[in-house]
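Before any comments, here is the structure.
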There are 2 protein chains.
Amino acid sequence: MAPGSARDRILDTAFRLFYARGIRAVGVDLIIAESGVAKATFYKYFPAKDELVVAYLDRVDGLWSGQLHAAAAQAGPDPADQLVGLFDALTASCEMDGYRGCAFINAAAESQPGTVVHDRTVEHKRRVLAWVRGLAVEAGVRDPDGLARSLTLLLDGGLASGALDADPQAAVLARASAALLVDAARKADWTGDASLAVR
Amino acid sequence: MAPGSARDRILDTAFRLFYARGIRAVGVDLIIAESGVAKATFYKYFPAKDELVVAYLDRVDGLWSGQLHAAAAQAGPDPADQLVGLFDALTASCEMDGYRGCAFINAAAESQPGTVVHDRTVEHKRRVLAWVRGLAVEAGVRDPDGLARSLTLLLDGGLASGALDADPQAAVLARASAALLVDAARKADWTGDASLAVR
DNA sequence: ACGCTAGCAGACAGATCTGTCTACTATCAA
DNA sequence: TTGATAGTAGACAGATCTGTCTGCTAGCGT
């Protein structure tokens with residue numbers, strides 16, 4: 001009757017509804033109705049709602065990581081260029097209509113530290129940070145940790161505030177700021193630690 | 001029996017619980033029980049839960065704005081210094097235990113665009129942005145809008161990601177990055193628009 | 001033909017959440 | 001004394017949410 005297996009339809013529907021309305025705001029009954037699936041089938045694949053939430057977050061993680069890597073790759077072979085180019089993924093995301101910020105930040109706001117869902121969000125952010133740090137190391141900057149941290153701050157800021165005012169300018173500014181930070185880090189006239197005493 | 005009026009106790013309890021556990025996760029029954037108030041009294045002051053949520057957000061807005069202004073003022077009379085100094089409020093916030101990110105970003109994640117609650121979060125972010133922009137204008141930089149946007153991106157990034165990994169380094173890095181952006185904007189060798197073509 | 005698997009349909013239990021309503025108490029001012 | 005105000009205590013209705021359970025159907029390999 002429906003395209004794709006029942007599990008896929010459930011996950012597709014959950015992806016759409018969770019992101020658009022929030023996790024707690026969407027009940028399993030709604031997901032079941034909109035995916036055209038029987039309740040028993042739902043609970044067969046996802047014995048608890050939290051397991052569906054985790055599957056949803058894993059899907060978002062895969063998609064978003066893919067977009068980040070693609071945007072970075074498109075910036076050319078120089079890792080320093082890639083550190084700036086990855087912000088094109090942010091621009092593209094913010095331009096999507098129905099954009100409602102970072103699924104992980106939103107999920108973290110709706111979950112308690114220590115739960116499976118919350119741990120997933122922390123793990124995602126850690127993984128992105130590690131990847132950016134890897135690029136920073138390849139770029140040969142003096143303080144790759146500091147640069148990676150600063151860039152992910154800009155990225156998270158763009159993701160978070162984009163949800164509130166939906167200003168397309170924000171992503172553009174984030175990219176420009178990133179370019180400035182990367183340039184400064186390359187010139188090695190600035191490290192995260194040393195600049196603290198400056199101003 | 002209790003210190004403060006019933007309304008104050010309700011708001012105090014809501015402030016604590018909403019921030020710690022999220023808005024949807026805290027029912028009015030819990031707030032009523034923990035504030036030691038009768039149900040009728042609760043609904044007398046807050047005829048609907050949403051009105052309590054709005055009062056909660058207004059209180060957070062007052063507190064956070066106060067901290068930002070104080071941190072900026074402490075950086076001295078130069079508006080350029082204040083643009084960097086305001087990040088000390090971020091550092092202080094992140095060091096609080098029980099820190100769980102920005103109450104407004106969290107509230108936005110739990111509410112739908114178009115609702116009173118969501119509008120409150122947008123208004124708050126807009127007000128902070130306008131204030132930062134005012135400082136940037138006073139500092140006489142070429143592109144105050146761009147600088148203000150970039151700085152609030154860093155600020156929101158610190159607020160949001162601080163909730164996930166609770167890395168105290170994040171706030172420090174945000175301040176350092178802000179210092180670099182402000183310096184660059186002062187030297188006027190960079191504007192939000194012009195740098196787009198650079199890298 | 002038979003059994004296995006996947007799935008549909010929907011009733012049901014138990015918990016929880018918002019909001020209303022009744023009844024009682026204490027304080028204070030006119 | 002009387003009446004207004006503020007508050008306490010808790011039952012109740014109605015909706016919603018998660019998760020379980022029973023019955024039924026259709027396809028598919030052996």
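Numbering starts fresh at 1 for the residues of each chain in the structure tokens, the chains themselves are lettered A, B, ... in the order given, and ligands are numbered from 1 as they appear.
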
Original post:
Taking only C-alpha atoms (C1' of nucleotides) into account, what are the residues of chain B at most 9 Å from chain D, put as a VMD selection string?
Top reply: chain B and resid 6 37 to 41

Original post:
For chain B against chain C, which residues fall within 12 Å using only C-alpha atoms (C1' of nucleotides), given as a list in words?
Top reply: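 So the contacting residues turn out to be Met1, Arg24, Ala25, Val26, Gly27, Val28, Asp29, Leu30, Lys39, Ala40, Phe42, Tyr43, Lys44, Phe46, Pro47, Ala48, Lys49 and Asp50 of chain B.
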
I need the residues from that last selection saved to file as a compact mmCIF listing (two decimals), in the first residue's frame (with N, CA and C atoms), if you can.
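Output (out-v8.txt):
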```txt
# COMPACT_ATOMS: atom_id res chain seq x y z
N MET B 1 3.01 31.80 56.28
CA MET B 1 3.63 30.47 56.26
C MET B 1 4.87 30.47 55.40
N ARG B 24 7.90 21.95 28.97
CA ARG B 24 6.88 20.91 28.83
C ARG B 24 7.04 19.80 29.85
N ALA B 25 8.27 19.61 30.31
CA ALA B 25 8.52 18.52 31.25
C ALA B 25 8.03 18.84 32.66
N VAL B 26 7.70 20.09 32.91
CA VAL B 26 7.25 20.49 34.24
C VAL B 26 5.76 20.82 34.20
N GLY B 27 4.98 20.05 34.91
CA GLY B 27 3.54 20.29 34.96
C GLY B 27 3.17 21.30 36.02
N VAL B 28 2.01 21.89 35.87
CA VAL B 28 1.57 22.87 36.86
C VAL B 28 1.39 22.22 38.23
N ASP B 29 1.00 20.97 38.25
CA ASP B 29 0.83 20.28 39.54
C ASP B 29 2.14 20.27 40.34
N LEU B 30 3.25 20.07 39.64
CA LEU B 30 4.55 20.05 40.32
C LEU B 30 4.89 21.42 40.85
N LYS B 39 -4.11 25.27 44.29
CA LYS B 39 -4.30 25.28 42.85
C LYS B 39 -5.09 26.52 42.41
N ALA B 40 -6.10 26.87 43.19
CA ALA B 40 -6.90 28.03 42.84
C ALA B 40 -6.06 29.30 42.85
N PHE B 42 -2.85 29.46 42.23
CA PHE B 42 -2.03 29.43 41.02
C PHE B 42 -2.79 29.99 39.83
N TYR B 43 -4.01 29.47 39.64
CA TYR B 43 -4.76 29.90 38.45
C TYR B 43 -5.33 31.30 38.60
N LYS B 44 -5.31 31.82 39.81
CA LYS B 44 -5.72 33.21 39.98
C LYS B 44 -4.66 34.13 39.37
N PHE B 46 -2.02 33.11 37.36
CA PHE B 46 -1.64 32.70 36.00
C PHE B 46 -2.75 31.84 35.41
N PRO B 47 -3.73 32.49 34.79
CA PRO B 47 -4.92 31.77 34.29
C PRO B 47 -4.59 30.66 33.31
N ALA B 48 -3.41 30.68 32.73
CA ALA B 48 -3.00 29.58 31.86
C ALA B 48 -1.50 29.38 32.05
N LYS B 49 -1.05 28.19 31.81
CA LYS B 49 0.37 27.88 31.99
C LYS B 49 1.24 28.78 31.14
N ASP B 50 0.78 29.07 29.93
CA ASP B 50 1.58 29.90 29.04
C ASP B 50 1.88 31.27 29.64
```

Original post:
Any idea what the distance is between CA of Leu63 (chain A) and CA of Phe87 (chain A)?
Top reply: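 Going from CA of Leu63 (chain A) over to CA of Phe87 (chain A), I get 15.1 Å.
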
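From CA of Asp78 (chain A) back to CA of Val137 (chain A), the distance works out to 11.9 Å.
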
**OP:** Please report as an MDAnalysis selection string which residues of chain B come no farther than 8 Å from chain A, using only C-alpha atoms.
**Re:** chainID B and resid 21:22 24:25 81 84 105:112 121:122 125:126 146 149:150 152:158 160:161 164:165 170 172:177 179:181 192 195:196 199

Original post:
Among region 27-139 of chain A, which residues carry a DSSP assignment of alpha helix (DSSP H), reported as number ranges by chain?
Top reply: A: 28-35, 39-45, 49-74, 79-85, 87-95, 103-109, 116-139

Original post:
What is the CA of Ala33 (chain B) to CA of Val117 (chain B) distance in Å?
Top reply: 23.8 Å
